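**Student:** Just structure-v6.cif, nothing more (mmCIF, C-alpha atoms):
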```
data_model
#
loop_
_atom_site.label_atom_id
_atom_site.label_comp_id
_atom_site.auth_asym_id
_atom_site.auth_seq_id
_atom_site.Cartn_x
_atom_site.Cartn_y
_atom_site.Cartn_z
CA GLN I 1 0.00 0.00 0.00
CA GLN I 2 1.53 3.25 -1.12
CA GLN I 3 0.91 5.85 1.53
CA VAL I 4 2.13 8.86 -0.45
CA LYS I 5 1.18 9.07 -4.12
CA GLN I 6 3.08 11.47 -6.35
CA SER I 7 2.37 12.70 -9.85
CA PRO I 8 3.40 13.18 -12.55
CA GLN I 9 6.20 10.67 -12.90
CA SER I 10 8.04 13.00 -15.26
CA LEU I 11 7.63 16.62 -16.27
CA ILE I 12 9.11 18.77 -19.00
CA VAL I 13 8.86 22.54 -18.58
CA GLN I 14 10.24 25.41 -20.60
CA LYS I 15 12.66 27.78 -18.95
CA GLY I 16 10.74 30.48 -17.15
CA GLY I 17 7.63 28.34 -16.80
CA ILE I 18 5.92 26.98 -13.69
CA SER I 19 6.55 23.40 -12.59
CA ILE I 20 3.82 21.77 -10.53
CA ILE I 21 4.16 18.44 -8.75
CA ASN I 22 1.32 16.92 -6.78
CA CYS I 23 1.17 14.52 -3.86
CA ALA I 24 -1.65 12.87 -1.96
CA TYR I 25 -1.47 10.99 1.29
CA GLU I 26 -3.73 8.54 3.06
CA ASN I 27 -2.60 8.43 6.66
CA THR I 28 -4.12 11.32 8.61
CA ALA I 29 -1.46 10.85 11.29
CA PHE I 30 1.09 12.43 8.94
CA ASP I 31 1.98 15.80 10.37
CA TYR I 32 5.00 17.05 8.47
CA PHE I 33 5.52 17.22 4.73
CA PRO I 34 8.99 17.91 3.32
CA TRP I 35 10.07 18.03 -0.29
CA TYR I 36 13.45 16.70 -1.31
CA GLN I 37 15.49 17.43 -4.44
CA GLN I 38 17.86 14.83 -5.81
CA PHE I 39 20.44 15.29 -8.57
CA PRO I 40 21.84 12.24 -10.39
CA GLY I 41 24.41 10.40 -8.30
CA LYS I 42 23.64 12.44 -5.20
CA GLY I 43 21.58 11.97 -2.09
CA PRO I 44 18.27 13.80 -1.62
CA ALA I 45 18.49 17.26 -0.09
CA LEU I 46 15.71 19.05 1.78
CA LEU I 47 14.16 21.79 -0.35
CA ILE I 48 11.20 23.06 1.63
CA ALA I 49 8.76 21.65 4.19
CA ILE I 50 5.32 22.43 5.59
CA ARG I 51 3.15 21.49 8.51
CA PRO I 52 -0.64 21.13 8.04
CA ASP I 53 -1.48 24.12 10.22
CA VAL I 54 -0.64 26.40 7.29
CA SER I 55 -2.01 26.26 3.75
CA GLU I 56 1.01 27.67 1.95
CA LYS I 57 4.71 28.18 2.44
CA LYS I 58 7.00 30.06 0.11
CA GLU I 59 10.78 30.12 -0.07
CA GLY I 60 12.17 32.00 -3.03
CA ARG I 61 10.87 30.41 -6.23
CA PHE I 62 9.53 27.35 -4.39
CA THR I 63 6.03 27.21 -2.88
CA ILE I 64 4.19 24.39 -1.12
CA SER I 65 0.41 24.48 -1.19
CA PHE I 66 -1.37 22.28 1.33
CA ASN I 67 -5.01 21.13 1.39
CA LYS I 68 -5.63 19.27 4.62
CA SER I 69 -9.25 18.30 3.89
CA ALA I 70 -8.28 16.78 0.54
CA LYS I 71 -5.09 15.28 1.97
CA GLN I 72 -3.10 16.76 -0.88
CA PHE I 73 -0.09 19.00 -1.20
CA SER I 74 1.86 20.32 -4.12
CA LEU I 75 5.16 21.92 -5.01
CA HIS I 76 5.24 24.89 -7.37
CA ILE I 77 8.52 26.03 -8.90
CA MET I 78 8.16 29.49 -10.37
CA ASP I 79 10.42 30.76 -13.16
CA SER I 80 11.84 27.26 -13.64
CA GLN I 81 15.50 27.13 -14.63
CA PRO I 82 17.62 24.41 -16.28
CA GLY I 83 19.48 24.08 -12.98
CA ASP I 84 16.20 22.93 -11.40
CA SER I 85 16.32 19.77 -13.52
CA ALA I 86 16.35 17.00 -10.93
CA THR I 87 14.12 14.41 -9.33
CA TYR I 88 11.76 15.74 -6.69
CA PHE I 89 10.32 13.64 -3.90
CA CYS I 90 7.49 14.53 -1.60
CA ALA I 91 7.56 12.89 1.80
CA ALA I 92 5.60 12.70 5.02
CA SER I 93 6.31 11.90 8.63
CA MET I 94 4.37 11.82 11.86
CA ARG I 95 5.10 13.06 15.34
CA ALA I 96 4.70 9.59 16.84
CA GLY I 97 7.18 6.82 16.31
CA SER I 98 10.62 7.01 14.80
CA TYR I 99 10.04 10.07 12.55
CA GLN I 100 10.83 8.00 9.49
CA LEU I 101 10.08 9.63 6.16
CA THR I 102 7.54 8.02 3.82
CA PHE I 103 8.40 9.06 0.27
CA GLY I 104 6.47 9.37 -2.95
CA LYS I 105 7.95 7.69 -6.01
CA GLY I 106 9.46 10.89 -7.36
CA THR I 107 9.03 13.24 -10.30
CA LYS I 108 11.80 13.71 -12.82
CA LEU I 109 11.76 17.35 -13.87
CA SER I 110 13.50 18.53 -17.02
CA VAL I 111 13.63 22.26 -17.68
CA ILE I 112 14.49 22.97 -21.29
CA PRO I 113 15.94 26.27 -22.54
CA ASN Z 1 31.62 20.99 8.15
CA ALA Z 2 31.51 17.65 6.38
CA GLY Z 3 28.12 16.27 5.51
CA VAL Z 4 26.95 12.69 5.83
CA MET Z 5 29.57 10.36 4.43
CA GLN Z 6 28.95 6.94 2.97
CA ASN Z 7 31.36 4.38 1.67
CA PRO Z 8 31.88 2.71 -0.57
CA ARG Z 9 30.03 4.72 -3.19
CA HIS Z 10 29.77 1.70 -5.46
CA LEU Z 11 29.88 -1.93 -4.42
CA VAL Z 12 29.72 -5.00 -6.62
CA ARG Z 13 29.06 -8.37 -5.07
CA ARG Z 14 28.31 -11.82 -6.43
CA ARG Z 15 25.28 -13.69 -5.24
CA GLY Z 16 25.89 -15.24 -1.85
CA GLN Z 17 28.57 -12.78 -0.75
CA GLU Z 18 28.25 -10.25 2.06
CA ALA Z 19 27.88 -6.50 1.62
CA ARG Z 20 28.90 -3.97 4.27
CA LEU Z 21 27.79 -0.39 3.85
CA ARG Z 22 29.14 2.36 6.08
CA CYS Z 23 27.66 5.67 7.12
CA SER Z 24 29.29 8.44 9.12
CA PRO Z 25 26.69 10.98 10.28
CA MET Z 26 27.17 14.70 10.32
CA LYS Z 27 29.17 16.04 13.23
CA GLY Z 28 26.94 16.37 16.26
CA HIS Z 29 24.27 14.02 14.94
CA SER Z 30 23.53 10.88 16.92
CA HIS Z 31 20.53 9.61 14.96
CA VAL Z 32 20.88 7.59 11.77
CA TYR Z 33 18.30 6.31 9.29
CA TRP Z 34 18.87 3.87 6.46
CA TYR Z 35 16.71 3.96 3.31
CA ARG Z 36 16.74 1.84 0.17
CA GLN Z 37 15.96 3.17 -3.29
CA LEU Z 38 15.05 0.75 -6.03
CA PRO Z 39 15.16 1.91 -9.67
CA GLU Z 40 12.26 4.23 -10.53
CA GLU Z 41 11.06 4.08 -6.93
CA GLY Z 42 11.11 6.43 -3.98
CA LEU Z 43 13.18 5.80 -0.93
CA LYS Z 44 11.89 3.20 1.51
CA PHE Z 45 12.69 3.32 5.21
CA MET Z 46 14.65 0.41 6.56
CA VAL Z 47 15.96 1.12 10.05
CA TYR Z 48 16.46 3.90 12.61
CA LEU Z 49 19.34 3.83 15.05
CA GLN Z 50 20.78 5.90 17.81
CA LYS Z 51 24.21 5.31 19.26
CA GLU Z 52 24.36 1.67 20.39
CA ASN Z 53 20.60 1.19 19.97
CA ILE Z 54 18.25 0.04 17.23
CA ILE Z 55 15.12 2.12 17.70
CA ASP Z 56 12.96 0.95 14.80
CA GLU Z 57 13.79 -1.80 12.31
CA SER Z 58 10.27 -2.25 10.99
CA GLY Z 59 11.34 -1.61 7.38
CA MET Z 60 14.19 -4.07 7.35
CA PRO Z 61 13.80 -7.56 5.86
CA LYS Z 62 13.75 -10.11 8.66
CA GLU Z 63 16.53 -12.23 7.22
CA ARG Z 64 20.02 -11.43 5.93
CA PHE Z 65 19.88 -7.74 6.86
CA SER Z 66 21.27 -6.20 10.03
CA ALA Z 67 22.35 -2.76 11.17
CA GLU Z 68 24.41 -1.32 13.96
CA PHE Z 69 25.59 2.06 15.19
CA PRO Z 70 28.37 1.49 17.70
CA LYS Z 71 29.55 3.96 20.30
CA GLU Z 72 32.61 4.65 18.21
CA GLY Z 73 32.75 4.55 14.44
CA PRO Z 74 30.25 4.61 11.61
CA SER Z 75 26.88 2.96 11.32
CA ILE Z 76 27.01 -0.29 9.37
CA LEU Z 77 24.32 -1.86 7.23
CA ARG Z 78 25.17 -5.49 6.61
CA ILE Z 79 23.57 -7.70 4.00
CA GLN Z 80 24.46 -11.36 4.15
CA GLN Z 81 24.19 -13.78 1.22
CA VAL Z 82 23.18 -11.08 -1.23
CA VAL Z 83 20.70 -11.82 -4.00
CA ARG Z 84 20.03 -9.94 -7.25
CA GLY Z 85 16.98 -8.28 -5.71
CA ASP Z 86 19.26 -6.51 -3.21
CA SER Z 87 20.67 -4.39 -6.05
CA ALA Z 88 19.69 -0.84 -5.17
CA ALA Z 89 20.97 2.47 -3.88
CA TYR Z 90 21.25 2.56 -0.09
CA PHE Z 91 21.13 5.96 1.56
CA CYS Z 92 21.71 6.89 5.11
CA ALA Z 93 20.50 10.08 6.70
CA SER Z 94 21.39 11.66 9.99
CA SER Z 95 19.61 14.10 12.26
CA GLN Z 96 20.06 15.72 15.62
CA GLY Z 97 17.02 13.89 16.99
CA PHE Z 98 15.06 16.94 18.08
CA GLY Z 99 11.78 15.60 16.80
CA TYR Z 100 9.70 14.77 13.78
CA THR Z 101 10.37 18.07 12.01
CA ASP Z 102 14.11 17.68 12.45
CA THR Z 103 15.82 17.74 9.06
CA GLN Z 104 17.26 14.47 7.87
CA TYR Z 105 20.48 15.06 5.96
CA PHE Z 106 21.26 12.40 3.37
CA GLY Z 107 24.56 10.99 2.28
CA PRO Z 108 25.46 10.39 -1.38
CA GLY Z 109 24.45 6.73 -1.17
CA THR Z 110 26.04 3.39 -1.86
CA ARG Z 111 25.03 1.77 -5.12
CA LEU Z 112 25.05 -1.97 -4.67
CA THR Z 113 25.12 -4.22 -7.71
CA VAL Z 114 24.69 -7.96 -7.25
CA LEU Z 115 25.92 -10.07 -10.14
#
```
Any chance you could put this one into structure tokens?
**Tutor:**
Amino acid sequence: QQQVKQSPQSLIVQKGGISIINCAYENTAFDYFPWYQQFPGKGPALLIAIRPDVSEKKEGRFTISFNKSAKQFSLHIMDSQPGDSATYFCAASMRAGSYQLTFGKGTKLSVIP
Amino acid sequence: NAGVMQNPRHLVRRRGQEARLRCSPMKGHSHVYWYRQLPEEGLKFMVYLQKENIIDESGMPKERFSAEFPKEGPSILRIQQVVRGDSAAYFCASSQGFGYTDTQYFGPGTRLTVL
């Protein structure tokens, strides 16, 4: 059972465009939702994170939108650049237990000039 | 300030051999997580350790896999009698252990290939 579903699997965006990646979760005990960025041959790195008590969080060109009632959250990358080309993972964790991250399957983003 | 270090970066083993993967957490971090990434898949939690203790191994296969984080030295993920299905990228992450919003910092991974 996949607890965090991510779409699309791959995304091609023109430079300067908006990239949008969506995630949905099932377990209402999830209480923290980070996004990770991974370049080929590297480990994932935290990009931005949100808790469900806010509906939006913005850091530079990256914005998370969160819809608690729909159990969905999304990452928006404004003014996408070729350097943003990477695989993006949404994840979720809960305040109980070992704080392990449950990841989506990832979205491979390609930003073309 | 060095990040999370993993070695080796690439490991090739024949079926039936043992694989030992090492992870040195960031300075000051005493909490280590191991995750496995299969091709075209997200990362899957395997085990969570603190110094000298296994806290949660619910994601680890019951047989052939073990993990440790000794008082001194790196955390070790050990896979005995490897099979082709063990081929994957293995990542460790470390954190300060302040809670569920504490950032997990990932190492570059060890890519295991089983021939």
**Student:** Might you pull out every residue within 8 Å of Pro34 (chain I), with only C-alpha atoms counted and same-chain residues fewer than 6 positions away left off, and present them as a ChimeraX atom specification?
**Tutor:** /I:46-50,90-92
**Student:** Written as a PyMOL selection string, what is the full residue list that the PyMOL selection byres ((chain I) within 10 of (chain Z)) yields on the file shown?
**Tutor:** chain I and resi 4+6+9+31-34+38+40-46+49-51+88-108
**Student:** Pick the closest to Asp84 (chain I) from I:Lys68, I:Phe39, I:Asp53, I:Glu59: which is it, counting only C-alpha atoms?
**Tutor:**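 Of I:Lys68, I:Phe39, I:Asp53, I:Glu59, the one nearest Asp84 (chain I) is I:Phe39, counting only C-alpha atoms.
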**Student:** Taking into account all atoms listed in the file, which residue in the set Z:Val12, Z:Ile54, Z:Val82, Z:Leu112 is nearest to Glu68 (chain Z)?
**Tutor:**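 Of Z:Val12, Z:Ile54, Z:Val82, Z:Leu112, the one nearest Glu68 (chain Z) is Z:Ile54, counting all atoms listed in the file.
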**Student:** Measure the distance from CA of Val32 (chain Z) to CA of Glu26 (chain I) in Å and round it to one decimal.
**Tutor:** 26.1 Å
**Student:** Would you kindly return, as a ChimeraX atom specification, each protein, DNA or RNA residue with an atom no farther than 7 Å from any atom of region 14-19 of chain Z, considering only C-alpha atoms and excluding same-chain residues fewer than 2 positions away?
**Tutor:** /Z:12,21,78-84,114-115
**Student:** Padding of 5 Å on every side, edges along x, y and z, all listed atoms of region 70-74 of chain Z included: what centre and edge lengths in Å, to one decimal, does that box have, as AutoDock Vina command-line options?
**Tutor:**
```
--center_x 30.6 --center_y 3.1 --center_z 16.0 --size_x 14.4 --size_y 13.2 --size_z 18.7
```
**Student:** Can you spell out as a ChimeraX atom specification the set of residues that the PyMOL selection byres ((chain I and resi 69) around 12) selects in the structure I just provided?
**Tutor:** /I:24-26,28,52-53,55,66-68,70-73
**Student:** If we count all atoms listed in the file, what is near Ser10 (chain I) at a cut-off of 8 Å, once residues fewer than 2 positions away on the same chain are taken out, given as number ranges by chain?
**Tutor:** I: 7-8, 12, 107-110
**Student:** Rounded to one decimal, what separation in Å do you get between CA of Pro8 (chain Z) and CA of Phe65 (chain Z)?
**Tutor:**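 CA of Phe65 (chain Z) lies 17.6 Å from CA of Pro8 (chain Z).
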**Student:** Closest to Ser24 (chain Z) among Z:Gly3, Z:Thr113, Z:His10, Z:Lys62, using all atoms listed in the file?
**Tutor:**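 The closest residue to Ser24 (chain Z) is Z:Gly3.
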**Student:** Take the point (5.4, 21.2, -11.8) as written in the file and pick out every residue within 7 Å of it, counting all atoms listed in the file; give the list as a list in words.
**Tutor:**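 Within 7 Å of (5.4, 21.2, -11.8), the protein and nucleic acid residues are Leu11, Ile18, Ser19, Ile20, Ile21, Leu75, His76 and Ile77 of chain I.
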**Student:** Evaluate the PyMOL selection byres ((chain Z and resi 75) around 8) on the structure here and hand back the selected residues as JSON, numbers by chain.
**Tutor:** {"Z": [22, 23, 24, 32, 67, 68, 69, 70, 73, 74, 76, 77]}
**Student:** Record the distance separating CA of Glu56 (chain I) and CA of Ser74 (chain I), expressed in Å with one decimal.
**Tutor:**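 One can read the CA of Glu56 (chain I) to CA of Ser74 (chain I) distance as 9.6 Å.
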**Student:** Please fill the gaps in region 52-67 of chain Z so it has N, CA, C and O atoms, and write that as a CSV table (one decimal), in the frame of the given file.
**Tutor:**
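As written to disk, result-v5.csv reads:
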```
chain,number,residue,atom,x,y,z
Z,52,GLU,N,24.4,2.9,19.7
Z,52,GLU,CA,24.4,1.7,20.4
Z,52,GLU,C,22.9,1.1,20.5
Z,52,GLU,O,22.7,0.1,21.2
Z,53,ASN,N,22.0,1.7,19.9
Z,53,ASN,CA,20.6,1.2,20.0
Z,53,ASN,C,19.9,1.2,18.6
Z,53,ASN,O,20.0,2.1,17.8
Z,54,ILE,N,19.2,0.1,18.4
Z,54,ILE,CA,18.2,0.0,17.2
Z,54,ILE,C,16.9,0.5,17.7
Z,54,ILE,O,16.3,-0.2,18.6
Z,55,ILE,N,16.4,1.6,17.2
Z,55,ILE,CA,15.1,2.1,17.7
Z,55,ILE,C,13.9,1.5,16.9
Z,55,ILE,O,12.9,1.2,17.5
Z,56,ASP,N,14.1,1.4,15.6
Z,56,ASP,CA,13.0,1.0,14.8
Z,56,ASP,C,13.5,0.2,13.6
Z,56,ASP,O,14.2,0.9,12.8
Z,57,GLU,N,13.3,-1.0,13.5
Z,57,GLU,CA,13.8,-1.8,12.3
Z,57,GLU,C,12.6,-2.4,11.5
Z,57,GLU,O,12.7,-3.4,10.9
Z,58,SER,N,11.5,-1.7,11.6
Z,58,SER,CA,10.3,-2.2,11.0
Z,58,SER,C,10.3,-2.3,9.5
Z,58,SER,O,9.6,-3.1,8.9
Z,59,GLY,N,11.2,-1.6,8.8
Z,59,GLY,CA,11.3,-1.6,7.4
Z,59,GLY,C,12.4,-2.5,6.9
Z,59,GLY,O,12.6,-2.7,5.7
Z,60,MET,N,13.1,-3.2,7.7
Z,60,MET,CA,14.2,-4.1,7.4
Z,60,MET,C,13.7,-5.5,7.1
Z,60,MET,O,13.0,-6.0,8.0
Z,61,PRO,N,14.1,-6.1,6.0
Z,61,PRO,CA,13.8,-7.6,5.9
Z,61,PRO,C,14.3,-8.4,7.1
Z,61,PRO,O,15.3,-8.1,7.7
Z,62,LYS,N,13.5,-9.4,7.4
Z,62,LYS,CA,13.8,-10.1,8.7
Z,62,LYS,C,15.0,-10.9,8.6
Z,62,LYS,O,15.7,-11.2,9.6
Z,63,GLU,N,15.3,-11.4,7.4
Z,63,GLU,CA,16.5,-12.2,7.2
Z,63,GLU,C,17.6,-11.5,6.4
Z,63,GLU,O,17.3,-10.7,5.6
Z,64,ARG,N,18.8,-11.8,6.7
Z,64,ARG,CA,20.0,-11.4,5.9
Z,64,ARG,C,20.4,-10.0,6.2
Z,64,ARG,O,21.6,-9.6,5.9
Z,65,PHE,N,19.6,-9.1,6.7
Z,65,PHE,CA,19.9,-7.7,6.9
Z,65,PHE,C,20.1,-7.4,8.4
Z,65,PHE,O,19.3,-7.9,9.2
Z,66,SER,N,21.1,-6.6,8.7
Z,66,SER,CA,21.3,-6.2,10.0
Z,66,SER,C,21.9,-4.8,10.0
Z,66,SER,O,22.5,-4.4,9.0
Z,67,ALA,N,21.8,-4.1,11.1
Z,67,ALA,CA,22.4,-2.8,11.2
Z,67,ALA,C,22.9,-2.5,12.6
Z,67,ALA,O,22.4,-3.1,13.5
```
